[in-house]
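Scroll down for the structure; my scribbles are underneath it.
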Amino acid sequence: MARNIPKDPEQNRPKEKARSASPSPFKLDFGGSGVERARLLIGGVLVLFSVFMFFSFFSHLFTGKADQSEIHNSLSSLAETGKKTKNFFGVFGAKLADLLVLRYFGVSAFWLVPMTFFTGVQIGLKRSLVNLERFTKLSIFGILWGSTFLGFWVYTFHIADNWSDLCGGMGYYLNEYMDSLMGPFTIFVILFLLILFISFFYGTEVLVEFMERLLAPAEPETETNEEQNADDISQAKNIRRVRDDLENTAKNTKNTLRVPEPEFEDDDLLTREDNADEESIRPYLPPIVEAKANTPAQTISPASTARKEVSLTIENTLEGDLPETIDEIEEDIPVTETSKDEASDELVKRFGLYDPTLDLPNYQFPSVSLLKDYDMGKAQVSQEELKANSNKIVDTLGHYGIGIADIKATIGPTVTLYEIIPDAGVRISKIKNLEDDISLALAALGIRIIAPIPGKGTIGIEVPNKNREMVPVKMVIGSEKFQKSTADLPIVLGKTISNDIFMTDLAKMPHLLMAGATGQGKSVGLNMILTSLLYKKHPSQLKFVLVDPKKVELTLFNKIERHFLAMLPNAAEAIITDTKKVVNTLNSLCIEMDNRYNLLKDAGCRNLKEYNAKFVNRRLNPDKGHYFMPYIVLVVDELADLMMTAGKEVEQPIARLAQLARAIGIHLVIATQRPSVNVITGTIKANFPARLSFKVTSKIDSRTILDTGGAEQLVGMGDMLLSTGSDIIRLQCAFVDTPEVEDVCEYIGEQSGYDSAYLLPEFEGDSGGGNEKGDFDSKDKDEYFEEAARLIVTHQQGSTSLIQRRLKLGYNRAGRIIDQLEKAGVVGPFEGSKAREVYIKDLDALEKMLRDL
C-alpha cells in the first residue's frame with residue numbers, strides 16, 4: 001500500500017501501483033534485480049521439490065516393498081538400480097520416500113509437501129497463501145504426533161510387517177519405548193498432547209465449544225438450521241469485507257454488494273430485555289412497587305406527613321440483564337448513477353468487482369477472545385437508597401418553595417438520573433441555582449443538573465452511585481450493536497446513563513476534539529477509539545497517522561506499522577514524536593488532501609464513498625493515477641505541547657484539514673490535557689462540532705471545550721460528556737487495559753502485512769533562511785517575512801522572541817525569519833544578549849524596500 005508522490009507539481013496524482021485487469025494476483029518479473037531473481041529461483045526449486053516429494057511418497061505406498069531391496073545398492077550401480085525401481089521418480093524418489101516415510105515419519109511425512117510448497121510460493125512470489133509461521137508449526141506437530149498416534153496402533157496390534165508405512169520407524173520405536181514405561185496408558189498421553197496443542201494453537205474457546213456441542217442434547221431441527229447457517233457463513237466469507245462498506249453506497253445500482261456480519265464468540269455479552277405483562281405480575285409485587293410493561297420499572301411512594309407525597313419511578317435496575325437497544329440509523333449516501341461503460345462492464349464480467357482486501361488475502365480480524373473477562377461489580381443501587389435520595393431532593397426543593405409533581409430514577413453504571421417534573425409555575429432557573437444545596441443534602445460529589453432535559457418536559461439531576469460499575473471493552477466490542485454496525489468508521493465508546501451501549505460513526509462526526517485533566521481517562525478513550533477501528537476495518541481500508549509528543553502513549557501501536565500506519569517517506573518511525581516532523585506530517589496530509597480532491601474531480605465524484613464505489617466497479621483507470629483510497633485517521637495525543645512549541649505552524653494545517661478533509665476520508669481526533677483558549681483556539685474549535693470531555697479542573701475549561709459547564713462536575717475514571725451539536729450525552733467510557741491493546745496489536749502484527757507503512761506525500765518544509773550565509777533570495781523567503789519585517793520596523797526591536805510571540809510561530813522558524821531579515825538588510829547581525837540593530841527606521845522605507853525585493 002506504500003506510495004510515493006512525485007515532486008513534479010505537474011504530476012499531482014499519487015502514483016499508486018497500477019492494478020491491472022489481469023485475473024492473476026501474481027506478477028513475475030524476470031528482469032528484476034539479482035536478489036529478486038535469486039528469490040524466484042529458490043522459490044521455484046522449493047515448489048518443484050514439493051511436487052517431487054508428493055509423487056515419490058504416493059508411489060512408495062504401492063511400490064515401496066518392491067523397491068526396498070534395490071535402493072540399498074552402492075552409488076556405483078545407480079544407473080542399474082534406476083532401471084529396477086518402480087517408484088514414479090526412480091531411484092531418487094524411492095530413496096527419499098524410503099527415508100522419510102518408511103524409516104522416520106510414515107504417512108505423516110505428507111505434511112512436508114504443502115509446507116514446502118507454501119514456503120516456495122512466499123519466497124519466490126512474495127505472496128502469502130497461508131500464515132506460513134502458523135502452518136509450519138501445525139505441520140511439524142502433525143508429522144510428529146501423527147507418526148506417534150499411528151505407531152501406537154501398529155505396535156499394539158503387531159502389524160508392522162504389512163503396515164509399517166503408516167507410522168514409520170520413529171513412531172513404532174517411540175511407542176515401543178513408551179509401552180515399556182506406561183503400557184496401554186500411552187494412548188491417553190498421546191491424546192493429551194493433542195488437546196494441549198489445540199488449546200495453545202487455537203485457544204481454549206475451541207475446546208470449550210466442542211465439549212458443549214458434544215454434551216448438548218441432539219435437536220434435529222436446530223442442527224439443520226445450524227448446518228444451513230454454517231453453509232451460508234462459509235459461502236459469505238468468500239466475499240471480502242470491503243463490500244460491506246460499500247453496501248449502502250451501491251445498494252440502488254446494478255452491482256449490489258451483500259456481506260454477512262462477522263462472527264463473534266461472546267454471545268453471552270449481549271443483554272436481553274424481558275417484556276412482562278403488566279396485569280400478570282401486578283399481584284405479586286409489594287404495595288409500593290408497580291411494574292411497567294417492557295421494563296422492570298418500579299414505583300416507590302415516599303410517604304411523609306410533612307410534605308406532599310411524590311411517586312418515584314425506577315426506569316431500570318442492574319440486578320438482571322441490561323436491555324440493549326439497537327437503534328442506530330445508518331444514513332445511506334446515494335451514489336450518482338453513472339453511464340454504462342462497456343469496457344468496465346466487460347472487466348467486471350470477466351474478473352468480478354475489484355477487491356482491495358486481496359492485497360492481504362489471509363488477513364484475520366482480531367477476535368474478542370483477545371480481550372479480558374473482568375469480574376466487574378454491578379452498580380448496586382438499592383430501592384432504599386433511591387427512595388432516600390428522592391426524599392432528600394424533594395425536601396431540599398420544598399424548603400425553597402418548589403413543589404414536585406413527579407420524580408423518576410434511571411440507574412446507570414456511574415450515575416443515577418433523577419428526572420423531576422416541577423409543579424406548574426416553577427421557574428427553571430430557581431432549580432438550577434440550587435445545585436450546591438442538593439449536593440449538600442445528598443452528601444455526594446459531582447451533582448449535575450440538566451434543566452431542562454432536551455426533548456423532554458423534565459429536569460434531570462445526576463447523582464453519582466456509591467458503587468459504580470466498570471464497563472469492560474469485551475462487553476462493548478462483542479455487543480450485537482457494534483458487530484452489526486455498517487458505519488464507515490464505527491467507534492464504540494461505552495455505556496450511556498440508561499445502560500445502552502453507545503456507538504457512533506467517526507466519519508459522520510467528522511472530527512473529534514477530546515479534553516480532560518491528567519488521570520481522568522483520556523488515554524483510555526483514545527485507545528478505545530483505535531481498538532474499535534482495528535476490530536472492524538481491513539488494513540486496505542484504513543490508515544492511522546499517530547502523533548505522540550509524550551513519546552509513550554501510542555507506542556503500543558508500533559507493531560501494526562506495516563498494516564495500519566501511515567508515515568512520511570524515509571522517516572525512521574511511523575509514530576511521530578518530534579515537533580518538526582509533526583509540522584511536516586500535517587502539511588503532507590494537506591498535500592494528500594489536495595491530491596485526493598484532484599482525483600475526485602477527475603472521477604466526477606463528491607466524496608470518498610462514491611469514488612471507491614466507482615473504483616470497485618472498475619470504472620476508473622489505475623493507469624491514470626486512480627487507486628482505492630483508504631480512510632486516514634489523524635490522532636494527536638497532546639495538542640497543548642504542539643501549540644506551545646510550534647504555534648501557527650501546527651494550527652493552520654489542522655484547521656485546513658478540519659475544514660476540507662471530511663469528503664475525501666481524512667478525519668481528525670485531537671486530544672489535550674489543557675483545554676485553554678490558547679490551545680483550543682477559535683480557528684480549531686469552529687471546525688470540530690464533536691467534542692468529548694472527561695473531568696476538567698474548572699468551569700472555564702468546561703466552557704472552552706463544550707461551550708457549557710458540567711465537565712468539572714464529572715467523577716473521573718472514564719466519566720465523560722459527549723457533545724454532538726446541541727445535545728450533550730453523559731457516558732461511562734469502556735475500560736481497555738494496556739495488555740489488551742498489546743495483545744490485539746501483536747495478533748495483527750504477526751500476520752503478513754505490506755512491505756512498508758502507507759507512504760504520505762513528501763514535504764520538504766521551510767527552506768528559506770537558516771544559518772547559511774549567502775545573498776538574500778526572494779524566492780525562498782518565508783511567507784511571514786513581510787509581516788515580520790513590518791513588526792520589527794514598527795517596534796524598532798530586532799528580536800526573535802518578538803516574532804515568535806506576535807506571529808505565534810515556533811522558535812526555529814522565527815530564527816530563520818530573523819536571519820532572512822538580516823540578509824535583506826532590515827536588521828543587523830547577532831550581538832549576543834543585545835537586540836539586533838534595525839536598519840530601516842520607518843514603514844515607508846520598508847515598503848519601498850519590499851517592492852524592490
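Letters for chains follow the order of the C-alpha cells (A, B, ...), residue numbers begin at 1 for each chain, and ligand numbers begin at 1 in the order shown.
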
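For A:Ile576, the list of residues within 10 Å, based on only C-alpha atoms and with local chain neighbours fewer than 5 positions off taken out, reads Val545, Leu546, Val547, Asp548, Pro549, Lys551, Leu554, Thr555, Met567, Leu568, Ala571, Lys581, Val582, Thr585 and Val636 of chain A.
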
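Those residues that approach A:Tyr363 to within 9 Å, counting only C-alpha atoms, are Asn131, Thr357, Leu360, His538, Pro539, Ile748, Gln751, Ser752 and Gly753 of chain A; same-chain residues fewer than 3 positions away are not listed.
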
What are the DSSP alpha helix (DSSP H) residues of stretch 465-629 of chain A, as number ranges by chain?
A: 473-477, 480-483, 522-536, 561-564, 579-603, 608-616

Neighbour list for stretch 680-694 of chain A as a CSV table (one decimal) with N, CA and C atoms, in the first residue's frame, cut-off 7 Å, only C-alpha atoms, skip fewer than 2 positions in-chain:
```
chain,number,residue,atom,x,y,z
A,509,MET,N,-18.9,12.4,12.3
A,509,MET,CA,-18.7,13.5,13.3
A,509,MET,C,-18.4,14.9,12.7
A,511,HIS,N,-14.9,15.1,12.9
A,511,HIS,CA,-13.7,15.2,13.6
A,511,HIS,C,-14.1,15.3,15.1
A,512,LEU,N,-13.1,14.8,15.9
A,512,LEU,CA,-13.4,14.8,17.4
A,512,LEU,C,-12.3,15.5,18.2
A,513,LEU,N,-12.8,16.4,19.0
A,513,LEU,CA,-11.9,17.1,19.9
A,513,LEU,C,-12.1,16.6,21.3
A,514,MET,N,-11.0,16.1,22.0
A,514,MET,CA,-11.0,15.5,23.3
A,514,MET,C,-10.3,16.3,24.3
A,515,ALA,N,-10.7,16.4,25.5
A,515,ALA,CA,-10.0,17.1,26.6
A,515,ALA,C,-10.3,16.4,27.9
A,516,GLY,N,-9.4,16.6,28.9
A,516,GLY,CA,-9.6,16.0,30.2
A,516,GLY,C,-8.3,16.2,31.0
A,520,GLN,N,-7.8,11.2,34.1
A,520,GLN,CA,-9.3,11.1,34.1
A,520,GLN,C,-9.8,10.1,33.0
A,521,GLY,N,-8.9,9.5,32.2
A,521,GLY,CA,-9.3,8.5,31.3
A,521,GLY,C,-9.1,8.9,29.8
A,522,LYS,N,-8.4,10.0,29.5
A,522,LYS,CA,-8.3,10.4,28.2
A,522,LYS,C,-7.5,9.4,27.3
A,655,ALA,N,-6.4,23.3,11.1
A,655,ALA,CA,-7.7,24.0,10.7
A,655,ALA,C,-8.0,23.7,9.3
A,658,ALA,N,-9.4,20.2,9.1
A,658,ALA,CA,-10.7,20.1,9.7
A,658,ALA,C,-11.8,20.7,8.8
A,659,GLN,N,-11.4,21.7,8.0
A,659,GLN,CA,-12.4,22.4,7.2
A,659,GLN,C,-12.7,21.6,5.9
A,675,PRO,N,-7.5,22.3,28.1
A,675,PRO,CA,-8.4,23.0,27.1
A,675,PRO,C,-8.6,24.5,27.3
A,676,SER,N,-7.5,25.2,27.3
A,676,SER,CA,-7.5,26.6,27.4
A,676,SER,C,-7.6,27.3,26.0
A,677,VAL,N,-7.9,28.6,26.0
A,677,VAL,CA,-8.2,29.2,24.7
A,677,VAL,C,-7.0,29.4,23.9
A,678,ASN,N,-5.8,29.4,24.4
A,678,ASN,CA,-4.6,29.5,23.6
A,678,ASN,C,-4.2,28.1,23.1
A,696,VAL,N,-12.6,17.9,34.0
A,696,VAL,CA,-11.6,19.0,33.9
A,696,VAL,C,-11.6,19.8,35.3
A,705,ILE,N,-14.2,23.7,26.1
A,705,ILE,CA,-14.3,22.5,25.3
A,705,ILE,C,-15.7,22.2,24.9
A,706,LEU,N,-16.7,22.5,25.8
A,706,LEU,CA,-18.1,22.1,25.5
A,706,LEU,C,-19.0,23.3,25.2
A,711,ALA,N,-18.5,19.6,32.8
A,711,ALA,CA,-17.4,18.7,32.8
A,711,ALA,C,-16.6,18.8,34.1
A,716,GLY,N,-14.7,11.4,37.3
A,716,GLY,CA,-13.5,10.8,36.9
A,716,GLY,C,-13.6,9.4,36.5
A,718,GLY,N,-13.1,7.8,33.6
A,718,GLY,CA,-13.8,7.4,32.4
A,718,GLY,C,-15.2,8.1,32.3
A,719,ASP,N,-15.6,8.8,33.3
A,719,ASP,CA,-16.9,9.5,33.2
A,719,ASP,C,-16.7,10.7,32.3
A,720,MET,N,-17.6,10.8,31.3
A,720,MET,CA,-17.3,11.8,30.3
A,720,MET,C,-18.6,12.4,29.7
A,721,LEU,N,-18.5,13.5,29.0
A,721,LEU,CA,-19.6,14.2,28.3
A,721,LEU,C,-19.3,14.3,26.8
A,722,LEU,N,-20.2,13.9,26.0
A,722,LEU,CA,-20.0,14.0,24.5
A,722,LEU,C,-21.0,15.0,24.0
A,723,SER,N,-20.5,16.0,23.3
A,723,SER,CA,-21.3,17.0,22.7
A,723,SER,C,-21.3,16.8,21.2
A,724,THR,N,-22.4,16.6,20.6
A,724,THR,CA,-22.5,16.4,19.1
A,724,THR,C,-23.5,17.5,18.6
A,725,GLY,N,-23.1,18.7,18.8
A,725,GLY,CA,-24.0,19.8,18.3
A,725,GLY,C,-24.8,20.4,19.5
```

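Minimum atom-to-atom distances from A:Pro622, A:Gly665, A:Gly710, A:Gly815 to A:Leu608 were compared using only C-alpha atoms, and the lowest value belongs to A:Gly665.
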
In Å, rounded to a single decimal, give me how far atom CA of A:Leu99 is from atom CA of A:Phe188.
28.9 Å

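Considering only C-alpha atoms, the residue among A:Tyr400, A:Met644, A:Ala845, A:Leu194 positioned nearest to A:Arg805 is A:Met644.
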
Just to confirm, what's the straight-line distance from atom CA of A:Gly519 to atom CA of A:Phe557 in Å (one decimal)?
20.8 Å

Taking the chain letters and numbering used in this document, name the residues of stretch 517-567 of chain A that DSSP puts in strand (DSSP E), as a PyMOL selection string.
chain A and resi 542-547+566-567

For the residues selected in the previous step, produce a file with C-alpha atoms as a PDB file, in the first residue's frame.
```
ATOM      1  CA  LEU A 542      -7.945   2.378   6.979  1.00  0.00           C
ATOM      2  CA  LYS A 543      -4.655   4.073   7.891  1.00  0.00           C
ATOM      3  CA  PHE A 544      -3.627   5.895  11.077  1.00  0.00           C
ATOM      4  CA  VAL A 545      -1.329   8.898  11.416  1.00  0.00           C
ATOM      5  CA  LEU A 546      -0.303   8.846  15.081  1.00  0.00           C
ATOM      6  CA  VAL A 547       1.248  11.920  16.732  1.00  0.00           C
ATOM      7  CA  ALA A 566       0.992   5.940   7.577  1.00  0.00           C
ATOM      8  CA  MET A 567       4.264   7.867   7.596  1.00  0.00           C
TER       9      MET A 567
END
```

Of A:Gly43, A:Gly825, A:Gly171, A:Gly647, the one sitting nearest A:Leu100 when using only C-alpha atoms is A:Gly171

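With only C-alpha atoms as the basis for measurement, A:Val669 is the residue among A:Ala160, A:Ile195, A:Ile728, A:Val669 that approaches A:Leu530 most closely.
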
If we count only C-alpha atoms, what is near A:Leu600 at a cut-off of 10 Å, once residues fewer than 3 positions away on the same chain are taken out, given as JSON, numbers by chain?
{"A": [594, 595, 596, 597, 603, 604, 605, 606, 607, 608, 610, 611, 612, 626, 663, 664]}

Export of the given selection (N, CA and C atoms) as a PDB file, in the first residue's frame:
```
ATOM      1  N   ASP A 594      -5.241  17.542  -1.088  1.00  0.00           N
ATOM      2  CA  ASP A 594      -5.362  18.192  -2.393  1.00  0.00           C
ATOM      3  C   ASP A 594      -5.276  17.183  -3.531  1.00  0.00           C
ATOM      4  N   ASN A 595      -4.360  16.212  -3.400  1.00  0.00           N
ATOM      5  CA  ASN A 595      -4.244  15.185  -4.437  1.00  0.00           C
ATOM      6  C   ASN A 595      -5.526  14.376  -4.559  1.00  0.00           C
ATOM      7  N   ARG A 596      -6.124  14.048  -3.429  1.00  0.00           N
ATOM      8  CA  ARG A 596      -7.363  13.268  -3.462  1.00  0.00           C
ATOM      9  C   ARG A 596      -8.506  14.068  -4.091  1.00  0.00           C
ATOM     10  N   TYR A 597      -8.568  15.356  -3.778  1.00  0.00           N
ATOM     11  CA  TYR A 597      -9.617  16.171  -4.386  1.00  0.00           C
ATOM     12  C   TYR A 597      -9.447  16.258  -5.897  1.00  0.00           C
ATOM     13  N   ALA A 603     -12.758  12.051 -11.452  1.00  0.00           N
ATOM     14  CA  ALA A 603     -13.713  10.944 -11.462  1.00  0.00           C
ATOM     15  C   ALA A 603     -15.159  11.412 -11.448  1.00  0.00           C
ATOM     16  N   GLY A 604     -15.392  12.707 -11.215  1.00  0.00           N
ATOM     17  CA  GLY A 604     -16.759  13.210 -11.148  1.00  0.00           C
ATOM     18  C   GLY A 604     -17.502  12.740  -9.920  1.00  0.00           C
ATOM     19  N   CYS A 605     -16.813  12.658  -8.782  1.00  0.00           N
ATOM     20  CA  CYS A 605     -17.420  12.183  -7.531  1.00  0.00           C
ATOM     21  C   CYS A 605     -17.393  13.290  -6.489  1.00  0.00           C
ATOM     22  N   ARG A 606     -18.311  13.196  -5.534  1.00  0.00           N
ATOM     23  CA  ARG A 606     -18.408  14.209  -4.491  1.00  0.00           C
ATOM     24  C   ARG A 606     -17.696  13.829  -3.211  1.00  0.00           C
ATOM     25  N   ASN A 607     -17.523  12.540  -2.961  1.00  0.00           N
ATOM     26  CA  ASN A 607     -16.911  12.108  -1.707  1.00  0.00           C
ATOM     27  C   ASN A 607     -16.200  10.776  -1.911  1.00  0.00           C
ATOM     28  N   LEU A 608     -15.555  10.330  -0.851  1.00  0.00           N
ATOM     29  CA  LEU A 608     -14.731   9.131  -0.929  1.00  0.00           C
ATOM     30  C   LEU A 608     -15.560   7.885  -1.219  1.00  0.00           C
ATOM     31  N   GLU A 610     -18.347   7.515  -2.931  1.00  0.00           N
ATOM     32  CA  GLU A 610     -18.707   7.446  -4.342  1.00  0.00           C
ATOM     33  C   GLU A 610     -17.497   7.069  -5.191  1.00  0.00           C
ATOM     34  N   TYR A 611     -16.342   7.647  -4.858  1.00  0.00           N
ATOM     35  CA  TYR A 611     -15.129   7.373  -5.634  1.00  0.00           C
ATOM     36  C   TYR A 611     -14.744   5.896  -5.523  1.00  0.00           C
ATOM     37  N   ASN A 612     -14.717   5.374  -4.296  1.00  0.00           N
ATOM     38  CA  ASN A 612     -14.345   3.970  -4.121  1.00  0.00           C
ATOM     39  C   ASN A 612     -15.360   3.027  -4.741  1.00  0.00           C
ATOM     40  N   HIS A 626      -5.590   6.666 -10.695  1.00  0.00           N
ATOM     41  CA  HIS A 626      -6.650   6.330  -9.744  1.00  0.00           C
ATOM     42  C   HIS A 626      -6.267   5.101  -8.929  1.00  0.00           C
ATOM     43  N   ALA A 663     -14.689  15.142   3.156  1.00  0.00           N
ATOM     44  CA  ALA A 663     -15.225  14.492   1.957  1.00  0.00           C
ATOM     45  C   ALA A 663     -14.270  13.474   1.364  1.00  0.00           C
ATOM     46  N   ILE A 664     -12.962  13.641   1.601  1.00  0.00           N
ATOM     47  CA  ILE A 664     -12.018  12.714   0.994  1.00  0.00           C
ATOM     48  C   ILE A 664     -11.468  11.709   2.019  1.00  0.00           C
TER      49      ILE A 664
END
```
